[in-house]
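The data block below is coords-v7.txt; it holds compact mmCIF, C-alpha atoms.
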# COMPACT_ATOMS: atom_id res chain seq x y z
CA MET F 1 151.60 126.92 146.11
CA ILE F 2 154.22 127.90 148.69
CA SER F 3 152.74 129.32 151.90
CA LEU F 4 153.55 132.82 153.14
CA GLU F 5 154.96 131.32 156.34
CA VAL F 6 157.40 129.05 154.47
CA PHE F 7 158.43 131.85 152.09
CA SER F 8 159.04 134.23 155.02
CA GLU F 9 161.20 131.65 156.79
CA LEU F 10 163.26 131.15 153.62
CA LEU F 11 163.86 134.90 153.32
CA GLU F 12 164.70 135.32 157.00
CA VAL F 13 167.38 132.62 156.86
CA LEU F 14 168.65 133.78 153.45
CA TYR F 15 169.26 137.38 154.55
CA SER F 16 171.13 136.12 157.62
CA ALA F 17 173.57 134.15 155.47
CA PRO F 18 175.91 136.99 154.31
CA LEU F 19 177.13 137.48 157.89
CA LYS F 20 176.86 133.89 159.08
CA ALA F 21 178.07 131.40 156.49
CA GLU F 22 176.47 128.34 158.08
CA MET F 23 173.05 129.87 157.38
CA TRP F 24 173.58 129.09 153.68
CA ASP F 25 173.37 125.38 154.55
CA GLN F 26 170.17 126.02 156.53
CA PHE F 27 168.70 127.99 153.64
CA LEU F 28 169.49 125.18 151.19
CA ASP F 29 167.90 122.65 153.57
CA LEU F 30 164.72 124.74 153.62
CA LEU F 31 164.85 125.14 149.84
CA CYS F 32 164.99 121.34 149.44
CA LYS F 33 161.90 120.95 151.62
CA ALA F 34 159.98 123.72 149.83
CA THR F 35 160.73 122.27 146.38
CA ASP F 36 160.59 118.59 147.38
CA SER F 37 164.18 118.11 146.25
CA SER F 38 166.84 115.76 147.61
CA GLY F 39 169.87 118.05 147.48
CA ALA F 40 170.87 121.64 146.84
CA PHE F 41 174.33 123.09 146.26
CA LEU F 42 175.71 126.64 146.17
CA LEU F 43 178.37 126.63 143.46
CA CYS F 44 180.80 129.55 143.37
CA ALA F 45 183.90 130.46 141.43
CA ASP F 46 186.09 133.47 142.15
CA MET F 47 189.71 134.59 142.11
CA SER F 48 190.42 133.64 145.72
CA LEU F 49 188.99 130.12 146.02
CA GLY F 50 188.57 128.84 142.47
CA HIS F 51 185.45 126.84 141.63
CA SER F 52 183.92 124.88 144.48
CA ILE F 53 180.79 123.82 146.35
CA ARG F 54 180.54 126.49 149.05
CA SER F 55 177.38 125.23 150.80
CA GLN F 56 175.00 122.29 150.53
CA GLY F 57 171.64 121.21 151.91
CA GLY F 58 169.45 118.12 151.94
CA VAL F 59 171.48 115.10 150.81
CA MET F 60 175.07 116.04 151.66
CA LEU F 61 178.00 114.99 149.54
CA SER F 62 180.95 113.64 151.50
CA THR F 63 184.06 115.76 152.00
CA GLN F 64 185.85 113.45 149.58
CA ASP F 65 183.19 113.98 146.90
CA VAL F 66 183.27 117.77 147.37
CA GLU F 67 187.05 117.77 147.05
CA ALA F 68 186.89 115.43 144.06
CA TYR F 69 184.42 117.74 142.32
CA ARG F 70 186.68 120.74 142.93
CA ASP F 71 189.91 119.04 141.94
CA SER F 72 188.87 116.62 139.19
CA TYR F 73 185.34 117.16 137.91
CA VAL F 74 184.86 120.94 137.54
CA SER F 75 186.39 120.91 134.08
CA ARG F 76 184.05 118.02 133.16
CA ASP F 77 180.86 119.50 134.61
CA LEU F 78 178.90 119.61 131.37
CA TYR F 79 176.16 121.92 132.65
CA ARG F 80 178.76 124.40 133.90
CA ILE F 81 180.48 124.32 130.51
CA GLN F 82 177.20 124.98 128.68
CA VAL F 83 176.22 127.79 131.08
CA ILE F 84 179.53 129.52 130.38
CA ARG F 85 179.34 128.89 126.65
CA HIS F 86 175.81 130.33 126.36
CA GLN F 87 176.15 132.93 129.16
CA ALA F 88 172.96 131.56 130.70
CA LEU F 89 171.41 133.51 133.58
CA GLY F 90 168.26 133.08 135.66
CA VAL F 91 166.36 129.86 136.32
CA VAL F 92 167.69 127.78 133.45
CA ASP F 93 165.75 125.27 131.37
CA LEU F 94 168.46 122.62 131.29
CA ASP F 95 166.87 120.71 128.43
CA THR F 96 167.71 123.64 126.18
CA LEU F 97 171.38 123.47 127.17
CA MET F 98 172.10 119.78 126.88
CA PRO F 99 170.33 116.47 126.20
CA ARG F 100 169.74 114.53 129.41
CA ALA F 101 171.39 111.46 127.86
CA THR F 102 174.67 113.39 127.77
CA LEU F 103 174.52 113.94 131.53
CA LEU F 104 173.76 110.27 132.20
CA ALA F 105 176.84 109.24 130.20
CA SER F 106 179.21 111.58 132.07
CA ASP F 107 181.85 110.67 134.68
CA LEU F 108 180.42 113.27 137.08
CA TYR F 109 177.01 111.59 137.02
CA ARG F 110 178.38 108.06 137.35
CA ASP F 111 180.94 108.76 140.10
CA ILE F 112 179.29 111.44 142.30
CA LEU F 113 175.62 112.07 141.50
CA ALA F 114 174.16 108.62 140.86
CA PRO F 115 175.53 107.01 144.09
CA SER F 116 173.63 109.70 146.06
CA ASP F 117 170.45 109.20 143.99
CA LEU F 118 170.75 112.72 142.58
CA ILE F 119 169.11 112.15 139.21
CA TYR F 120 167.05 115.12 138.01
CA PRO F 121 168.60 118.62 138.11
CA GLY F 122 167.34 122.18 138.34
CA LEU F 123 169.59 125.23 138.08
CA ALA F 124 169.53 128.95 138.89
CA VAL F 125 172.51 131.00 137.68
CA PHE F 126 173.06 134.35 139.42
CA THR F 127 176.41 135.45 138.01
CA CYS F 128 178.25 134.21 134.94
CA GLU F 129 181.34 136.34 134.43
CA LEU F 130 184.99 135.71 133.78
CA ARG F 131 185.87 136.71 137.34
CA ARG F 132 182.92 135.12 139.09
CA MET F 133 180.26 132.47 138.70
CA GLU F 134 177.49 131.81 141.23
CA ALA F 135 174.70 129.26 140.91
CA ILE F 136 172.44 127.00 142.94
CA SER F 137 171.76 123.51 141.63
CA LEU F 138 168.80 121.48 142.89
CA TRP F 139 168.69 117.71 142.50
CA ARG F 140 165.76 115.30 142.78
CA SER F 141 165.80 111.53 143.23
CA GLU F 142 164.48 108.88 140.88
CA ALA F 143 161.33 108.62 143.03
CA GLN F 144 160.79 112.41 143.08
CA GLY F 145 161.12 112.69 139.31
CA PRO F 146 161.99 115.78 137.23
CA MET F 147 161.65 119.33 138.53
CA THR F 148 157.99 120.30 138.77
CA ALA F 149 156.44 123.56 137.63
CA GLU F 150 155.79 124.41 141.31
CA ALA F 151 159.44 123.87 142.27
CA THR F 152 160.57 126.01 139.35
CA HIS F 153 158.09 128.72 140.35
CA ILE F 154 159.48 128.80 143.92
CA LEU F 155 163.02 129.11 142.58
CA LYS F 156 161.96 132.02 140.36
CA LEU F 157 160.29 133.76 143.32
CA LEU F 158 163.44 133.42 145.39
CA TYR F 159 165.84 134.30 142.56
CA PRO F 160 166.08 138.11 143.12
CA HIS F 161 166.44 137.61 146.88
CA ILE F 162 169.24 135.04 146.51
CA LYS F 163 170.98 137.37 144.07
CA SER F 164 170.77 140.23 146.59
CA ALA F 165 172.11 138.04 149.40
CA LEU F 166 175.06 136.97 147.24
CA GLU F 167 175.78 140.63 146.39
CA ILE F 168 175.77 141.54 150.10
CA ARG F 169 178.06 138.58 150.79
CA ARG F 170 180.54 139.79 148.18
CA ALA F 171 180.35 143.44 149.24
CA LEU F 172 180.97 142.75 152.90
CA GLY F 173 183.87 140.44 152.19
CA VAL F 174 183.83 139.21 155.78
CA SER F 175 184.82 135.79 157.00
CA GLU F 176 182.25 133.49 158.51
CA ASP F 177 183.63 134.05 162.02
CA LEU F 178 183.67 137.86 161.88
CA ARG F 179 180.92 138.16 164.48
CA GLN F 180 183.08 136.34 167.02
CA GLN F 181 186.07 138.59 166.36
CA THR F 182 184.57 142.08 166.58
CA SER F 183 186.76 143.14 169.50
CA ALA F 184 189.68 143.46 167.06
CA ILE F 185 188.34 145.46 164.12
CA ALA F 186 191.10 145.59 161.52
CA ASP F 187 192.01 148.98 160.10
CA ALA F 188 193.24 147.10 157.03
CA SER F 189 189.67 146.20 156.07
CA PRO F 190 188.25 148.40 153.28
CA THR F 191 184.72 147.89 154.67
CA PRO F 192 183.60 150.63 157.12
CA THR F 193 182.97 148.72 160.34
CA LEU F 194 181.56 150.24 163.53
CA LEU F 195 180.80 148.89 167.00
CA VAL F 196 177.85 150.79 168.45
CA SER F 197 175.99 150.53 171.77
CA HIS F 198 172.20 150.41 171.84
CA ASP F 199 172.03 154.10 172.78
CA ARG F 200 174.03 154.88 169.58
CA THR F 201 177.32 155.55 171.38
CA LEU F 202 180.24 154.75 169.07
CA LEU F 203 182.52 152.25 170.81
CA GLN F 204 184.95 151.45 168.03
CA ALA F 205 185.48 152.18 164.34
CA ASN F 206 188.05 151.07 161.80
CA ALA F 207 189.96 153.45 159.52
CA ALA F 208 187.44 153.14 156.66
CA ALA F 209 184.59 153.97 159.05
CA ARG F 210 186.43 156.97 160.53
CA LYS F 211 186.98 158.32 157.04
CA LEU F 212 183.28 157.87 156.28
CA LEU F 213 182.32 159.72 159.46
CA ASP F 214 184.74 162.57 158.72
CA LYS F 215 183.11 163.09 155.35
CA GLY F 216 179.57 162.90 156.73
CA GLU F 217 178.84 160.42 153.95
CA GLY F 218 175.55 158.82 154.98
CA VAL F 219 176.40 158.79 158.69
CA LEU F 220 177.96 161.22 161.18
CA LEU F 221 178.83 161.54 164.86
CA ARG F 222 176.86 163.94 167.04
CA ASN F 223 178.01 164.20 170.68
CA GLY F 224 179.67 160.80 170.38
CA GLN F 225 176.53 159.14 169.02
CA LEU F 226 175.99 157.68 165.57
CA HIS F 227 173.30 159.25 163.38
CA ALA F 228 172.26 158.93 159.75
CA ILE F 229 172.27 162.26 157.94
CA HIS F 230 168.74 161.80 156.55
CA ARG F 231 165.69 161.61 158.81
CA THR F 232 164.25 158.52 157.11
CA SER F 233 167.52 156.60 157.38
CA ASP F 234 168.02 157.76 160.95
CA ALA F 235 164.63 156.35 161.93
CA GLU F 236 165.59 153.01 160.35
CA LEU F 237 168.92 153.03 162.20
CA ARG F 238 167.18 153.78 165.52
CA LYS F 239 164.68 150.99 164.92
CA LEU F 240 167.45 148.54 164.06
CA LEU F 241 169.46 149.26 167.24
CA ALA F 242 166.36 149.24 169.46
CA GLY F 243 165.28 145.93 168.00
CA PHE F 244 168.46 144.20 169.11
CA GLN F 245 168.10 145.66 172.62
CA THR F 246 164.54 144.31 172.87
CA GLN F 247 165.69 140.84 171.81
CA LEU F 248 168.35 140.79 174.51
CA GLU F 249 165.97 142.01 177.23
CA LEU F 250 163.55 139.23 176.32
CA SER F 251 166.43 136.72 176.25
CA ALA F 252 165.47 135.93 172.67
CA ALA F 253 168.00 134.49 170.29
CA PRO F 254 169.44 137.54 168.48
CA ARG F 255 169.07 137.51 164.71
CA LEU F 256 171.05 139.22 162.02
CA SER F 257 169.37 142.25 160.50
CA ASN F 258 168.06 142.73 157.01
CA PRO F 259 170.00 145.43 155.14
CA ILE F 260 168.93 149.06 155.48
CA HIS F 261 169.69 152.04 153.25
CA LEU F 262 171.62 155.09 154.43
CA LEU F 263 170.70 157.96 152.14
CA ARG F 264 173.43 160.42 151.16
CA ALA F 265 173.34 164.17 150.83
CA SER F 266 174.10 163.81 147.12
CA HIS F 267 171.98 161.99 144.56
CA ARG F 268 174.32 159.00 144.56
CA ALA F 269 173.03 155.53 145.42
CA PRO F 270 172.48 155.03 149.15
CA LEU F 271 174.96 153.14 151.27
CA ASN F 272 173.94 149.70 152.51
CA ALA F 273 174.20 148.73 156.19
CA VAL F 274 173.88 145.30 157.80
CA ALA F 275 174.03 144.77 161.57
CA SER F 276 174.76 141.91 163.92
CA PRO F 277 174.56 141.73 167.73
CA THR F 278 177.79 140.94 169.53
CA GLN F 279 179.34 140.89 173.01
CA TYR F 280 182.32 143.24 173.22
CA ALA F 281 182.95 142.73 176.95
CA PRO F 282 181.59 140.35 179.62
CA GLY F 283 177.98 141.28 180.24
CA HIS F 284 178.04 144.10 177.69
CA HIS F 285 176.35 143.82 174.30
CA ALA F 286 176.66 146.02 171.25
CA VAL F 287 175.88 146.03 167.56
CA LEU F 288 178.39 145.46 164.79
CA LEU F 289 177.50 147.66 161.82
CA LEU F 290 179.03 147.08 158.39
CA ILE F 291 178.52 149.69 155.68
CA THR F 292 179.12 149.11 151.98
CA ASP F 293 179.01 151.42 149.00
CA PRO F 294 177.37 149.83 145.94
CA GLU F 295 179.24 152.28 143.71
CA ARG F 296 182.64 151.35 145.04
CA PRO F 297 183.77 147.77 144.36
CA PRO F 298 186.42 146.36 146.68
CA TYR F 299 190.10 146.29 145.79
CA THR F 300 190.99 142.90 144.32
CA PRO F 301 194.02 141.01 143.01
CA GLU F 302 193.18 142.50 139.61
CA ASP F 303 194.40 145.88 140.88
CA ALA F 304 197.64 144.29 142.03
CA LEU F 305 198.13 142.73 138.59
CA ARG F 306 197.87 146.13 136.94
CA GLU F 307 200.15 147.80 139.47
CA LEU F 308 202.87 145.14 139.74
CA TYR F 309 203.05 143.67 136.23
CA LYS F 310 201.49 146.33 133.99
CA LEU F 311 199.06 143.84 132.48
CA THR F 312 196.55 145.06 129.92
CA PRO F 313 192.80 144.78 130.66
CA ALA F 314 192.60 141.70 128.41
CA GLU F 315 195.53 140.06 130.23
CA VAL F 316 193.96 140.83 133.61
CA ASP F 317 190.76 139.17 132.36
CA ILE F 318 192.67 136.00 131.50
CA CYS F 319 194.35 135.87 134.93
CA ALA F 320 191.01 136.45 136.64
CA GLY F 321 189.44 133.66 134.61
CA LEU F 322 192.21 131.19 135.46
CA LEU F 323 191.95 132.00 139.17
CA SER F 324 188.18 131.50 139.00
CA GLY F 325 188.67 127.95 137.77
CA ASN F 326 188.03 128.52 134.05
CA SER F 327 189.90 126.69 131.31
CA LEU F 328 191.47 128.66 128.45
CA GLN F 329 188.58 127.62 126.21
CA GLU F 330 186.08 128.94 128.77
CA VAL F 331 188.03 132.19 129.02
CA ALA F 332 187.76 132.48 125.24
CA TRP F 333 183.98 131.91 125.39
CA HIS F 334 183.59 134.57 128.07
CA ARG F 335 185.68 137.10 126.14
CA LYS F 336 184.13 136.14 122.78
CA VAL F 337 187.53 135.65 121.13
CA SER F 338 189.32 132.65 119.65
CA LEU F 339 191.29 130.18 121.72
CA GLY F 340 194.38 131.13 119.70
CA THR F 341 194.00 134.77 120.74
CA VAL F 342 193.85 133.79 124.41
CA ARG F 343 196.92 131.57 124.07
CA GLY F 344 198.86 134.42 122.48
CA GLN F 345 197.89 136.78 125.30
CA LEU F 346 198.87 134.13 127.86
CA LYS F 347 202.40 134.08 126.40
CA ASN F 348 202.64 137.83 127.00
CA ILE F 349 201.50 137.29 130.60
CA PHE F 350 204.26 134.70 131.08
CA LEU F 351 206.84 137.24 129.89
CA LYS F 352 205.56 140.06 132.12
CA THR F 353 205.28 137.89 135.23
CA ALA F 354 208.50 135.91 134.66
CA THR F 355 206.60 132.62 134.70
CA THR F 356 206.89 129.74 132.27
CA SER F 357 203.73 127.68 132.73
CA GLN F 358 200.06 128.01 133.58
CA SER F 359 200.55 126.23 136.92
CA GLU F 360 203.45 128.52 137.87
CA LEU F 361 201.37 131.57 136.92
CA THR F 362 198.45 130.34 139.01
CA ARG F 363 200.70 129.91 142.08
CA LEU F 364 201.93 133.48 141.62
CA LEU F 365 198.40 134.84 141.26
CA MET F 366 197.27 133.13 144.46
CA GLN F 367 199.96 134.99 146.42
CA LEU F 368 199.08 138.50 145.23
CA PRO F 369 198.57 141.21 147.88
CA VAL F 370 195.04 142.60 148.10
CA ALA F 371 195.37 145.46 150.61
CA PRO F 372 193.35 148.45 149.31
CA PRO F 373 195.34 151.47 148.13
CA GLU F 374 195.07 154.77 149.97
CA THR F 375 192.46 157.02 148.40
CA ASP F 376 190.49 160.10 149.33
CA ALA F 377 187.53 159.08 147.18
CA PRO F 378 184.23 158.93 149.09

Spell out the structure here as structure tokens.
Amino acid sequence: MISLEVFSELLEVLYSAPLKAEMWDQFLDLLCKATDSSGAFLLCADMSLGHSIRSQGGVMLSTQDVEAYRDSYVSRDLYRIQVIRHQALGVVDLDTLMPRATLLASDLYRDILAPSDLIYPGLAVFTCELRRMEAISLWRSEAQGPMTAEATHILKLLYPHIKSALEIRRALGVSEDLRQQTSAIADASPTPTLLVSHDRTLLQANAAARKLLDKGEGVLLRNGQLHAIHRTSDAELRKLLAGFQTQLELSAAPRLSNPIHLLRASHRAPLNAVASPTQYAPGHHAVLLLITDPERPPYTPEDALRELYKLTPAEVDICAGLLSGNSLQEVAWHRKVSLGTVRGQLKNIFLKTATTSQSELTRLLMQLPVAPPETDAP
């Protein structure tokens, strides 16, 4: 049985990861230790980066192996193919997806997994959509044997927390070095971003944050200081800011915050806020506050496809799937249509985008603008 201390450490590191990408590696290291596994890998596919290994812990694959997986083996990853085909979610019983003998006969196993003694797999799938796939694979050595009931239980306990951390990561849409670049908050970012002193004084805000403050949507300015509009949320905000100040006074290593809710005046879902300590001038510390709206997904290349090329929803789905690293067959499985239907729709996409091949279309899609359109919506 996993101890409370170990579980708490896993959660602390996990909820730091959305704002500090290297913490994903640390979390996967801890996950390997907790489950007695050799290696763990965060596998992600999306429209911006295709399908790749974003983070890894325990036994580390070489840069060459990671690149080889991305460039040559993704389309031959038999577990990935079966997950897409069956739309599997949760902690997956891999024996129900594919006979183990099939894995052992694959090129991926022979060329990448076996040389690192990664023999017995476990898998948790968090998102399986045409536009996005997110999963963590655990691997055990020959000596460790197959995944145990205890290891599977730990993965199931962590599952909702990992899913939440991945959602925060997507919603924030920040780069891994954002904390080091807070002195230049970009107005182009659709995420409301504020730099606040420990006494709540607003030091800087981007355009999205200023619009949020003008509307009094969850937060407002009162005499130059940041407040939440609801008493409960305001107490949480005060506690969060004071906590960072205490850490600095004690010369403790500052830690990223867990998310807090900012209740709205309406009955809509609360805003989410995550904070990070930062130095905005020599000897002066502040808190970077990022606020996301769970009801308002970020602007993506899909919007540009509709605006620039007048693609239908089905055609946008196909483009999104190709950019996420899916084959045409996998796109068909996701959309629950025939491969012939997808090929016919792809021909229409070629005509509308003035492209003549799948590779040419992919190059075009990777260069699409993603700046959010102007809107007065809250």

Top pick for closest residue to Pro270 in chain F, considering F:Cys319, F:Leu221, F:Met1, F:Ile291 and counting all atoms listed in the file
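Using all atoms listed in the file, the shortest distance to Pro270 in chain F belongs to F:Ile291.
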
Write out as a list of chain:residue names the residues lying within 7 Å of Ser324 in chain F, counting all atoms listed in the file and excluding same-chain residues fewer than 3 positions away.
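Everything that qualifies: F:Ala45, F:Asp46, F:Met47, F:Gly50, F:His51, F:Arg131, F:Arg132, F:Ala320, F:Gly321.
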
Measure the distance from CA of Glu167 in chain F to CA of Phe7 in chain F in Å and round it to one decimal.
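CA of Phe7 in chain F lies 20.3 Å from CA of Glu167 in chain F.
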
Which residues come within 9 Å of His198 in chain F, counting all atoms listed in the file, excluding same-chain residues fewer than 5 positions away, as a CSV table (one decimal) with C-alpha atoms, in the coordinates of the input?
chain,number,residue,atom,x,y,z
F,238,ARG,CA,167.2,153.8,165.5
F,241,LEU,CA,169.5,149.3,167.2
F,242,ALA,CA,166.4,149.2,169.5
F,244,PHE,CA,168.5,144.2,169.1
F,245,GLN,CA,168.1,145.7,172.6
F,285,HIS,CA,176.4,143.8,174.3
F,286,ALA,CA,176.7,146.0,171.2
F,287,VAL,CA,175.9,146.0,167.6

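Closest to Glu9 in chain F among F:Leu158, F:Leu202, F:Ala135, F:Ile168 is F:Leu158, based on all atoms listed in the file.
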
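Closest approach to Gln329 in chain F among F:Leu104, F:Ala354, F:Leu308, F:Ile84 is made by F:Ile84 (distances from all atoms listed in the file).
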
Hey, can you check how far CA of Phe350 in chain F sits from CA of Glu129 in chain F?
23.2 Å

Report the distance between CA of Ala105 in chain F and CA of Leu43 in chain F in Å, rounded to one decimal place.
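If I compute the distance from CA of Ala105 in chain F to CA of Leu43 in chain F, I get 21.9 Å.
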
Please provide as a list in words all residues within 9 Å of Thr127 in chain F, with the sequence filter that same-chain residues fewer than 4 positions apart are discarded (counting all atoms listed in the file).
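Residues meeting the cut-off are Ala88, Leu89, Gly90, Arg132, Met133, Glu134, Ala135 and Lys163 of chain F.
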
Pick out the closest residue to Arg268 in chain F from this set: F:Leu28, F:Ala228, F:Glu217, F:Ser164. Count only C-alpha atoms.
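Going through F:Leu28, F:Ala228, F:Glu217, F:Ser164 one by one, the smallest distance to Arg268 in chain F is for F:Glu217.
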
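For the set F:Gly344, F:Pro121, F:Gly325, F:Pro259, the residue with the smallest atom-to-atom gap to Arg76 in chain F is F:Gly325, counting all atoms listed in the file.
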